[in-house]
Amino acid sequence: MAVRERPLENLGVNESYTLIRSRRKSLALQVRADGKVIVRAPLWTAKYRIDSFVEEHWEWVEKQRQRIAQERKNLHVITDEERRDGIRKAKEIFPERTAYFARRMGVGYGRITIREQKTRWGSCSQAGNLNFNWKLVMMPPEILDYVVVHELAHRKEMNHSPRFWAVVEKELPDYRLRREELKKLGREFL
(Lines give C-alpha, C1' and ligand atoms only; values in the text may rest on other atoms or scores of the structure.)
Protein backbone atom coordinates (compact mmCIF):
# COMPACT_ATOMS: atom_id res chain seq x y z
CA MET A 1 0.00 0.00 0.00
CA ALA A 2 1.32 3.41 -0.93
CA VAL A 3 -0.05 6.86 -0.18
CA ARG A 4 0.02 9.32 -3.05
CA GLU A 5 0.62 12.86 -1.88
CA ARG A 6 0.64 14.34 -5.36
CA PRO A 7 -1.92 17.04 -6.17
CA LEU A 8 -4.45 16.28 -8.85
CA GLU A 9 -3.38 19.29 -10.90
CA ASN A 10 -5.87 18.92 -13.73
CA LEU A 11 -8.65 19.53 -11.23
CA GLY A 12 -6.91 22.41 -9.50
CA VAL A 13 -7.27 20.68 -6.13
CA ASN A 14 -4.64 19.76 -3.62
CA GLU A 15 -5.86 16.26 -2.80
CA SER A 16 -4.16 12.97 -2.13
CA TYR A 17 -5.42 9.42 -2.01
CA THR A 18 -4.40 6.05 -0.63
CA LEU A 19 -3.44 3.60 -3.33
CA ILE A 20 -3.88 -0.13 -2.74
CA ARG A 21 -2.50 -2.40 -5.41
CA SER A 22 -3.54 -6.03 -5.68
CA ARG A 23 -4.25 -8.79 -8.18
CA ARG A 24 -7.60 -7.28 -9.04
CA LYS A 25 -8.63 -6.68 -12.65
CA SER A 26 -10.10 -3.17 -12.50
CA LEU A 27 -9.75 0.21 -10.82
CA ALA A 28 -12.12 1.13 -8.00
CA LEU A 29 -12.75 4.22 -5.86
CA GLN A 30 -13.94 4.36 -2.28
CA VAL A 31 -14.71 7.38 -0.11
CA ARG A 32 -14.38 6.58 3.59
CA ALA A 33 -16.55 8.08 6.30
CA ASP A 34 -13.75 10.54 7.11
CA GLY A 35 -13.75 11.74 3.47
CA LYS A 36 -10.43 10.14 2.53
CA VAL A 37 -10.21 8.59 -0.93
CA ILE A 38 -9.03 5.01 -1.44
CA VAL A 39 -8.07 3.80 -4.91
CA ARG A 40 -7.76 0.07 -5.53
CA ALA A 41 -5.77 -0.80 -8.62
CA PRO A 42 -4.31 -3.82 -10.41
CA LEU A 43 -0.60 -4.34 -9.81
CA TRP A 44 0.30 -3.46 -13.38
CA THR A 45 -1.65 -0.18 -13.78
CA ALA A 46 0.51 2.87 -14.56
CA LYS A 47 0.45 5.77 -12.08
CA TYR A 48 -0.66 8.26 -14.73
CA ARG A 49 -3.66 6.02 -15.52
CA ILE A 50 -4.61 5.87 -11.84
CA ASP A 51 -4.37 9.67 -11.50
CA SER A 52 -6.46 10.05 -14.64
CA PHE A 53 -9.08 7.64 -13.27
CA VAL A 54 -9.33 9.63 -10.03
CA GLU A 55 -9.61 12.91 -11.92
CA GLU A 56 -12.32 11.52 -14.21
CA HIS A 57 -14.37 10.46 -11.21
CA TRP A 58 -13.72 13.46 -8.97
CA GLU A 59 -17.30 14.73 -9.30
CA TRP A 60 -18.50 11.38 -7.92
CA VAL A 61 -15.99 11.66 -5.03
CA GLU A 62 -17.34 15.10 -4.12
CA LYS A 63 -20.95 13.84 -4.25
CA GLN A 64 -20.02 11.00 -1.89
CA ARG A 65 -18.39 13.47 0.50
CA GLN A 66 -21.53 15.63 0.44
CA ARG A 67 -23.72 12.57 1.12
CA ILE A 68 -21.50 11.57 4.06
CA ALA A 69 -21.62 15.11 5.48
CA GLN A 70 -25.42 15.12 5.21
CA GLU A 71 -25.67 11.74 6.94
CA ARG A 72 -23.49 13.04 9.77
CA LYS A 73 -25.92 15.94 10.29
CA ASN A 74 -28.77 13.43 10.63
CA LEU A 75 -26.97 11.27 13.20
CA HIS A 76 -28.72 10.95 16.52
CA VAL A 77 -26.32 11.59 19.40
CA ILE A 78 -27.35 9.34 22.26
CA THR A 79 -27.18 10.79 25.76
CA ASP A 80 -26.11 8.80 28.83
CA GLU A 81 -29.68 8.96 30.10
CA GLU A 82 -31.05 7.59 26.79
CA ARG A 83 -28.47 4.79 26.93
CA ARG A 84 -29.42 3.80 30.50
CA ASP A 85 -33.15 3.94 29.77
CA GLY A 86 -32.70 2.10 26.47
CA ILE A 87 -30.72 -0.75 28.02
CA ARG A 88 -33.27 -1.10 30.85
CA LYS A 89 -36.13 -1.13 28.36
CA ALA A 90 -34.30 -3.60 26.09
CA LYS A 91 -33.83 -6.02 29.00
CA GLU A 92 -37.62 -6.06 29.39
CA ILE A 93 -38.72 -6.06 25.76
CA PHE A 94 -36.33 -8.55 24.12
CA PRO A 95 -37.10 -11.52 26.40
CA GLU A 96 -40.82 -10.88 25.95
CA ARG A 97 -40.73 -10.52 22.13
CA THR A 98 -38.27 -13.40 21.73
CA ALA A 99 -40.44 -15.77 23.78
CA TYR A 100 -43.52 -14.70 21.80
CA PHE A 101 -41.97 -15.30 18.38
CA ALA A 102 -40.10 -18.45 19.46
CA ARG A 103 -43.43 -20.06 20.42
CA ARG A 104 -45.00 -19.05 17.11
CA MET A 105 -42.01 -20.27 15.10
CA GLY A 106 -41.52 -23.48 17.09
CA VAL A 107 -37.88 -22.81 18.01
CA GLY A 108 -35.86 -22.74 21.19
CA TYR A 109 -33.00 -20.48 22.16
CA GLY A 110 -30.36 -20.05 24.84
CA ARG A 111 -29.63 -16.88 26.75
CA ILE A 112 -30.38 -13.36 25.57
CA THR A 113 -27.68 -10.70 25.87
CA ILE A 114 -28.23 -6.99 25.35
CA ARG A 115 -25.25 -5.21 23.80
CA GLU A 116 -24.23 -2.07 22.00
CA GLN A 117 -22.62 -3.42 18.86
CA LYS A 118 -21.19 -0.96 16.37
CA THR A 119 -22.08 -2.91 13.23
CA ARG A 120 -24.83 -5.38 14.15
CA TRP A 121 -28.41 -5.30 15.29
CA GLY A 122 -28.44 -8.89 16.43
CA SER A 123 -26.75 -12.26 16.21
CA CYS A 124 -27.40 -15.92 16.95
CA SER A 125 -24.66 -18.33 18.02
CA GLN A 126 -24.49 -22.01 17.10
CA ALA A 127 -25.52 -22.75 20.69
CA GLY A 128 -28.68 -20.67 20.21
CA ASN A 129 -27.63 -17.70 22.32
CA LEU A 130 -29.05 -14.43 21.04
CA ASN A 131 -27.50 -10.97 21.14
CA PHE A 132 -29.52 -7.84 20.47
CA ASN A 133 -28.45 -4.24 20.11
CA TRP A 134 -30.30 -2.16 22.71
CA LYS A 135 -30.64 0.72 20.22
CA LEU A 136 -33.45 -1.22 18.53
CA VAL A 137 -35.79 -0.02 21.30
CA MET A 138 -35.40 3.49 19.84
CA MET A 139 -36.97 2.30 16.58
CA PRO A 140 -40.55 1.37 15.72
CA PRO A 141 -41.66 -1.95 17.29
CA GLU A 142 -42.07 -3.64 13.89
CA ILE A 143 -38.34 -3.12 13.23
CA LEU A 144 -37.39 -4.63 16.59
CA ASP A 145 -39.69 -7.58 15.84
CA TYR A 146 -38.02 -8.07 12.46
CA VAL A 147 -34.60 -8.43 14.10
CA VAL A 148 -36.00 -10.87 16.69
CA VAL A 149 -37.60 -13.00 13.96
CA HIS A 150 -34.43 -12.80 11.84
CA GLU A 151 -32.28 -14.13 14.68
CA LEU A 152 -34.79 -16.83 15.66
CA ALA A 153 -34.93 -17.96 12.02
CA HIS A 154 -31.25 -18.82 12.41
CA ARG A 155 -32.36 -21.52 14.88
CA LYS A 156 -33.74 -23.32 11.81
CA GLU A 157 -31.22 -22.15 9.19
CA MET A 158 -27.78 -20.89 10.27
CA ASN A 159 -27.25 -19.03 6.99
CA HIS A 160 -28.99 -16.53 4.71
CA SER A 161 -30.13 -19.02 2.10
CA PRO A 162 -33.54 -18.91 0.39
CA ARG A 163 -34.71 -21.44 3.02
CA PHE A 164 -33.72 -18.98 5.77
CA TRP A 165 -35.64 -16.13 4.15
CA ALA A 166 -38.65 -18.41 3.70
CA VAL A 167 -38.68 -18.96 7.49
CA VAL A 168 -38.57 -15.20 8.06
CA GLU A 169 -41.26 -14.57 5.44
CA LYS A 170 -43.59 -17.17 6.93
CA GLU A 171 -43.62 -15.19 10.16
CA LEU A 172 -43.33 -11.69 8.66
CA PRO A 173 -44.63 -11.53 5.08
CA ASP A 174 -43.57 -7.86 4.90
CA TYR A 175 -40.02 -8.52 6.15
CA ARG A 176 -38.46 -6.87 3.07
CA LEU A 177 -40.09 -3.54 3.93
CA ARG A 178 -39.00 -3.86 7.54
CA ARG A 179 -35.43 -4.72 6.49
CA GLU A 180 -35.28 -1.65 4.22
CA GLU A 181 -36.62 0.57 6.99
CA LEU A 182 -33.97 -0.83 9.36
CA LYS A 183 -31.27 0.05 6.84
CA LYS A 184 -32.55 3.63 6.61
CA LEU A 185 -33.03 4.17 10.33
CA GLY A 186 -29.90 2.25 11.18
CA ARG A 187 -27.64 4.89 9.66
CA GLU A 188 -28.77 7.26 12.39
CA PHE A 189 -27.87 4.94 15.26
CA LEU A 190 -24.94 2.67 14.34
# chains A, B, ... in the order shown; residues from 1 in each chain; ligands from 1

call {"tool": "residues_around", "arguments": {"residues": "segment 140-144 of chain A", "least_positions_apart": "3", "cutoff": "10 Å", "atoms": "only C-alpha atoms", "output": "ChimeraX atom specification"}}
result
/A:93-94,97,121-122,132-137,147-150,172,175,177-182,185

call {"tool": "residues_around", "arguments": {"residues": "Gly108 of chain A", "least_positions_apart": "6", "cutoff": "8 Å", "atoms": "only C-alpha atoms", "output": "NGL selection string"}}
result
:A and (102 or 128 or 155)

call {"tool": "residues_around", "arguments": {"residues": "segment 26-32 of chain A", "least_positions_apart": "4", "cutoff": "10 Å", "atoms": "only C-alpha atoms", "output": "MDAnalysis selection string"}}
result
chainID A and resid 17:22 36:43 45 49:50 53:54 57:58 60:65 68

call {"tool": "closest_residue", "arguments": {"among": "A:Ala69, A:Val167, A:Val77, A:Ile112", "to": "Leu130 of chain A", "atoms": "only C-alpha atoms"}}
result
A:Ile112

call {"tool": "select_by_dssp", "arguments": {"residues": "segment 50-175 of chain A", "states": "alpha helix (DSSP H)", "output": "ChimeraX atom specification"}}
result
/A:50-56,58-74,80-105,141-153,162-171,175

call {"tool": "residues_around", "arguments": {"residues": "Ala166 of chain A", "least_positions_apart": "2", "cutoff": "12 Å", "atoms": "only C-alpha atoms", "output": "MDAnalysis selection string"}}
result
chainID A and resid 149:150 153:154 156:157 159:164 168:176

call {"tool": "closest_residue", "arguments": {"among": "A:Arg187, A:Arg111, A:Lys118, A:Arg88", "to": "Met139 of chain A", "atoms": "only C-alpha atoms"}}
result
A:Arg187

call {"tool": "atom_distance", "arguments": {"atom1": "atom CA of Tyr109 of chain A", "atom2": "atom CA of Ser123 of chain A"}}
result
11.9 Å

call {"tool": "select_by_dssp", "arguments": {"residues": "chain A", "states": "strand (DSSP E)", "output": "CSV table (one decimal) with all heavy atoms, in the first residue's frame"}}
result
chain,number,residue,atom,x,y,z
A,2,ALA,N,0.6,2.2,-0.8
A,2,ALA,CA,1.3,3.4,-0.9
A,2,ALA,C,0.4,4.6,-0.9
A,2,ALA,O,-0.7,4.6,-1.5
A,2,ALA,CB,2.1,3.4,-2.2
A,3,VAL,N,0.8,5.7,-0.2
A,3,VAL,CA,0.0,6.9,-0.2
A,3,VAL,C,0.5,7.8,-1.2
A,3,VAL,O,1.7,8.2,-1.2
A,3,VAL,CB,0.0,7.5,1.2
A,3,VAL,CG1,-0.8,8.8,1.3
A,3,VAL,CG2,-0.6,6.5,2.2
A,4,ARG,N,-0.4,8.3,-2.1
A,4,ARG,CA,0.0,9.3,-3.0
A,4,ARG,C,-0.2,10.7,-2.4
A,4,ARG,O,-1.3,11.0,-2.1
A,4,ARG,CB,-0.8,9.2,-4.3
A,4,ARG,CG,-0.7,7.8,-5.0
A,4,ARG,CD,0.7,7.7,-5.7
A,4,ARG,NE,1.0,8.9,-6.5
A,4,ARG,CZ,1.0,9.0,-7.8
A,4,ARG,NH1,0.9,7.9,-8.5
A,4,ARG,NH2,1.2,10.1,-8.4
A,17,TYR,N,-4.6,10.6,-2.2
A,17,TYR,CA,-5.4,9.4,-2.0
A,17,TYR,C,-4.5,8.3,-1.6
A,17,TYR,O,-3.3,8.3,-1.8
A,17,TYR,CB,-6.2,9.1,-3.3
A,17,TYR,CG,-5.4,8.8,-4.5
A,17,TYR,CD1,-4.8,7.6,-4.7
A,17,TYR,CD2,-5.2,9.8,-5.5
A,17,TYR,CE1,-4.0,7.4,-5.9
A,17,TYR,CE2,-4.5,9.6,-6.6
A,17,TYR,CZ,-3.9,8.4,-6.8
A,17,TYR,OH,-3.1,8.2,-7.9
A,18,THR,N,-5.1,7.3,-1.0
A,18,THR,CA,-4.4,6.1,-0.6
A,18,THR,C,-4.6,5.1,-1.8
A,18,THR,O,-5.7,4.8,-2.2
A,18,THR,CB,-5.0,5.5,0.7
A,18,THR,OG1,-4.9,6.4,1.7
A,18,THR,CG2,-4.2,4.2,1.1
A,19,LEU,N,-3.4,4.5,-2.2
A,19,LEU,CA,-3.4,3.6,-3.3
A,19,LEU,C,-3.2,2.2,-2.8
A,19,LEU,O,-2.2,2.0,-2.1
A,19,LEU,CB,-2.4,4.0,-4.3
A,19,LEU,CG,-2.1,3.0,-5.5
A,19,LEU,CD1,-3.4,2.9,-6.3
A,19,LEU,CD2,-1.0,3.5,-6.4
A,20,ILE,N,-4.1,1.3,-3.1
A,20,ILE,CA,-3.9,-0.1,-2.7
A,20,ILE,C,-3.8,-1.0,-4.0
A,20,ILE,O,-4.8,-1.0,-4.8
A,20,ILE,CB,-5.0,-0.6,-1.8
A,20,ILE,CG1,-5.1,0.3,-0.6
A,20,ILE,CG2,-4.9,-2.1,-1.5
A,20,ILE,CD1,-6.3,0.0,0.3
A,21,ARG,N,-2.7,-1.6,-4.2
A,21,ARG,CA,-2.5,-2.4,-5.4
A,21,ARG,C,-2.7,-3.9,-5.0
A,21,ARG,O,-2.3,-4.3,-4.0
A,21,ARG,CB,-1.1,-2.2,-6.0
A,21,ARG,CG,-0.9,-0.8,-6.6
A,21,ARG,CD,0.5,-0.8,-7.3
A,21,ARG,NE,0.8,0.5,-7.9
A,21,ARG,CZ,0.5,0.7,-9.2
A,21,ARG,NH1,-0.1,-0.2,-9.9
A,21,ARG,NH2,0.7,1.9,-9.7
A,22,SER,N,-3.3,-4.6,-5.9
A,22,SER,CA,-3.5,-6.0,-5.7
A,22,SER,C,-3.7,-6.7,-7.0
A,22,SER,O,-3.6,-6.1,-8.1
A,22,SER,CB,-4.8,-6.2,-4.8
A,22,SER,OG,-5.9,-5.8,-5.5
A,28,ALA,N,-10.9,0.8,-8.8
A,28,ALA,CA,-12.1,1.1,-8.0
A,28,ALA,C,-11.8,2.3,-7.1
A,28,ALA,O,-10.7,2.5,-6.6
A,28,ALA,CB,-12.5,-0.1,-7.2
A,29,LEU,N,-12.8,3.1,-6.8
A,29,LEU,CA,-12.8,4.2,-5.9
A,29,LEU,C,-13.6,4.0,-4.7
A,29,LEU,O,-14.7,3.4,-4.8
A,29,LEU,CB,-13.3,5.5,-6.5
A,29,LEU,CG,-12.3,6.3,-7.3
A,29,LEU,CD1,-13.0,7.5,-8.0
A,29,LEU,CD2,-11.2,6.8,-6.5
A,30,GLN,N,-13.2,4.4,-3.5
A,30,GLN,CA,-13.9,4.4,-2.3
A,30,GLN,C,-13.7,5.7,-1.5
A,30,GLN,O,-12.6,6.2,-1.5
A,30,GLN,CB,-13.4,3.2,-1.4
A,30,GLN,CG,-14.1,3.1,-0.1
A,30,GLN,CD,-13.4,2.0,0.8
A,30,GLN,OE1,-12.4,1.4,0.4
A,30,GLN,NE2,-13.9,1.8,2.0
A,31,VAL,N,-14.8,6.2,-1.0
A,31,VAL,CA,-14.7,7.4,-0.1
A,31,VAL,C,-15.1,6.9,1.3
A,31,VAL,O,-16.2,6.5,1.5
A,31,VAL,CB,-15.6,8.5,-0.6
A,31,VAL,CG1,-15.5,9.7,0.3
A,31,VAL,CG2,-15.3,8.9,-2.0
A,37,VAL,N,-10.0,9.4,0.3
A,37,VAL,CA,-10.2,8.6,-0.9
A,37,VAL,C,-9.2,7.4,-1.0
A,37,VAL,O,-8.0,7.6,-0.8
A,37,VAL,CB,-10.0,9.5,-2.2
A,37,VAL,CG1,-10.2,8.7,-3.4
A,37,VAL,CG2,-11.0,10.7,-2.1
A,38,ILE,N,-9.8,6.2,-1.3
A,38,ILE,CA,-9.0,5.0,-1.4
A,38,ILE,C,-9.2,4.6,-2.9
A,38,ILE,O,-10.3,4.6,-3.4
A,38,ILE,CB,-9.6,3.9,-0.6
A,38,ILE,CG1,-9.7,4.3,0.9
A,38,ILE,CG2,-8.7,2.6,-0.7
A,38,ILE,CD1,-8.4,4.5,1.6
A,39,VAL,N,-8.1,4.3,-3.5
A,39,VAL,CA,-8.1,3.8,-4.9
A,39,VAL,C,-7.5,2.4,-4.9
A,39,VAL,O,-6.4,2.2,-4.4
A,39,VAL,CB,-7.2,4.7,-5.9
A,39,VAL,CG1,-7.3,4.1,-7.3
A,39,VAL,CG2,-7.7,6.1,-5.8
A,40,ARG,N,-8.2,1.5,-5.4
A,40,ARG,CA,-7.8,0.1,-5.5
A,40,ARG,C,-7.4,-0.2,-7.0
A,40,ARG,O,-8.2,0.1,-7.9
A,40,ARG,CB,-8.8,-0.9,-5.0
A,40,ARG,CG,-9.1,-0.7,-3.6
A,40,ARG,CD,-10.2,-1.6,-3.0
A,40,ARG,NE,-10.6,-1.2,-1.7
A,40,ARG,CZ,-10.0,-1.4,-0.6
A,40,ARG,NH1,-8.9,-2.1,-0.6
A,40,ARG,NH2,-10.5,-1.0,0.6
A,41,ALA,N,-6.2,-0.7,-7.2
A,41,ALA,CA,-5.8,-0.8,-8.6
A,41,ALA,C,-5.0,-2.1,-8.8
A,41,ALA,O,-4.4,-2.7,-7.9
A,41,ALA,CB,-4.8,0.4,-8.9
A,42,PRO,N,-5.1,-2.6,-10.1
A,42,PRO,CA,-4.3,-3.8,-10.4
A,42,PRO,C,-2.8,-3.5,-10.3
A,42,PRO,O,-2.4,-2.3,-10.4
A,42,PRO,CB,-4.7,-4.1,-11.9
A,42,PRO,CG,-6.0,-3.4,-12.1
A,42,PRO,CD,-6.0,-2.2,-11.2
A,112,ILE,N,-30.3,-14.6,26.3
A,112,ILE,CA,-30.4,-13.4,25.6
A,112,ILE,C,-29.4,-12.4,26.2
A,112,ILE,O,-29.5,-12.2,27.4
A,112,ILE,CB,-31.8,-12.8,25.6
A,112,ILE,CG1,-32.8,-13.8,24.9
A,112,ILE,CG2,-31.9,-11.4,25.0
A,112,ILE,CD1,-34.2,-13.4,25.0
A,113,THR,N,-28.6,-11.7,25.4
A,113,THR,CA,-27.7,-10.7,25.9
A,113,THR,C,-28.0,-9.4,25.1
A,113,THR,O,-28.2,-9.4,23.9
A,113,THR,CB,-26.2,-11.1,25.6
A,113,THR,OG1,-26.0,-12.4,26.2
A,113,THR,CG2,-25.2,-10.1,26.2
A,114,ILE,N,-28.0,-8.3,25.9
A,114,ILE,CA,-28.2,-7.0,25.4
A,114,ILE,C,-26.9,-6.3,25.2
A,114,ILE,O,-26.1,-6.3,26.2
A,114,ILE,CB,-29.2,-6.1,26.2
A,114,ILE,CG1,-30.5,-6.9,26.5
A,114,ILE,CG2,-29.4,-4.8,25.6
A,114,ILE,CD1,-31.3,-7.3,25.3
A,115,ARG,N,-26.6,-5.8,24.1
A,115,ARG,CA,-25.2,-5.2,23.8
A,115,ARG,C,-25.4,-3.9,23.1
A,115,ARG,O,-26.5,-3.5,22.7
A,115,ARG,CB,-24.4,-6.2,22.9
A,115,ARG,CG,-24.1,-7.5,23.6
A,115,ARG,CD,-23.1,-8.2,22.9
A,115,ARG,NE,-22.7,-9.4,23.8
A,115,ARG,CZ,-21.9,-10.3,23.4
A,115,ARG,NH1,-21.4,-10.3,22.2
A,115,ARG,NH2,-21.6,-11.3,24.2
A,122,GLY,N,-28.2,-7.7,15.7
A,122,GLY,CA,-28.4,-8.9,16.4
A,122,GLY,C,-27.6,-10.0,15.9
A,122,GLY,O,-27.0,-9.9,14.8
A,123,SER,N,-27.5,-11.1,16.7
A,123,SER,CA,-26.8,-12.3,16.2
A,123,SER,C,-27.3,-13.5,17.0
A,123,SER,O,-27.9,-13.4,18.0
A,123,SER,CB,-25.2,-12.1,16.4
A,123,SER,OG,-25.0,-11.9,17.8
A,124,CYS,N,-27.0,-14.6,16.4
A,124,CYS,CA,-27.4,-15.9,17.0
A,124,CYS,C,-26.2,-16.9,16.9
A,124,CYS,O,-25.7,-17.1,15.8
A,124,CYS,CB,-28.6,-16.5,16.2
A,124,CYS,SG,-29.1,-18.1,16.7
A,130,LEU,N,-28.7,-15.6,21.9
A,130,LEU,CA,-29.1,-14.4,21.0
A,130,LEU,C,-28.5,-13.1,21.6
A,130,LEU,O,-28.5,-12.9,22.8
A,130,LEU,CB,-30.6,-14.3,21.0
A,130,LEU,CG,-31.3,-15.6,20.5
A,130,LEU,CD1,-32.8,-15.4,20.6
A,130,LEU,CD2,-30.9,-15.9,19.0
A,131,ASN,N,-28.0,-12.3,20.8
A,131,ASN,CA,-27.5,-11.0,21.1
A,131,ASN,C,-28.3,-10.0,20.4
A,131,ASN,O,-28.6,-10.1,19.2
A,131,ASN,CB,-26.0,-10.8,20.7
A,131,ASN,CG,-25.1,-11.7,21.5
A,131,ASN,OD1,-25.1,-11.8,22.7
A,131,ASN,ND2,-24.3,-12.5,20.8
A,132,PHE,N,-28.8,-8.9,21.1
A,132,PHE,CA,-29.5,-7.8,20.5
A,132,PHE,C,-28.9,-6.5,20.8
A,132,PHE,O,-28.5,-6.3,22.0
A,132,PHE,CB,-31.0,-7.9,20.9
A,132,PHE,CG,-31.7,-9.1,20.5
A,132,PHE,CD1,-32.0,-10.1,21.4
A,132,PHE,CD2,-32.1,-9.3,19.1
A,132,PHE,CE1,-32.7,-11.2,21.0
A,132,PHE,CE2,-32.8,-10.4,18.7
A,132,PHE,CZ,-33.1,-11.4,19.6
A,133,ASN,N,-28.9,-5.6,19.9
A,133,ASN,CA,-28.4,-4.2,20.1
A,133,ASN,C,-29.6,-3.4,20.8
A,133,ASN,O,-30.7,-3.3,20.3
A,133,ASN,CB,-28.1,-3.6,18.8
A,133,ASN,CG,-27.3,-2.3,18.9
A,133,ASN,OD1,-27.6,-1.5,19.8
A,133,ASN,ND2,-26.3,-2.1,18.0
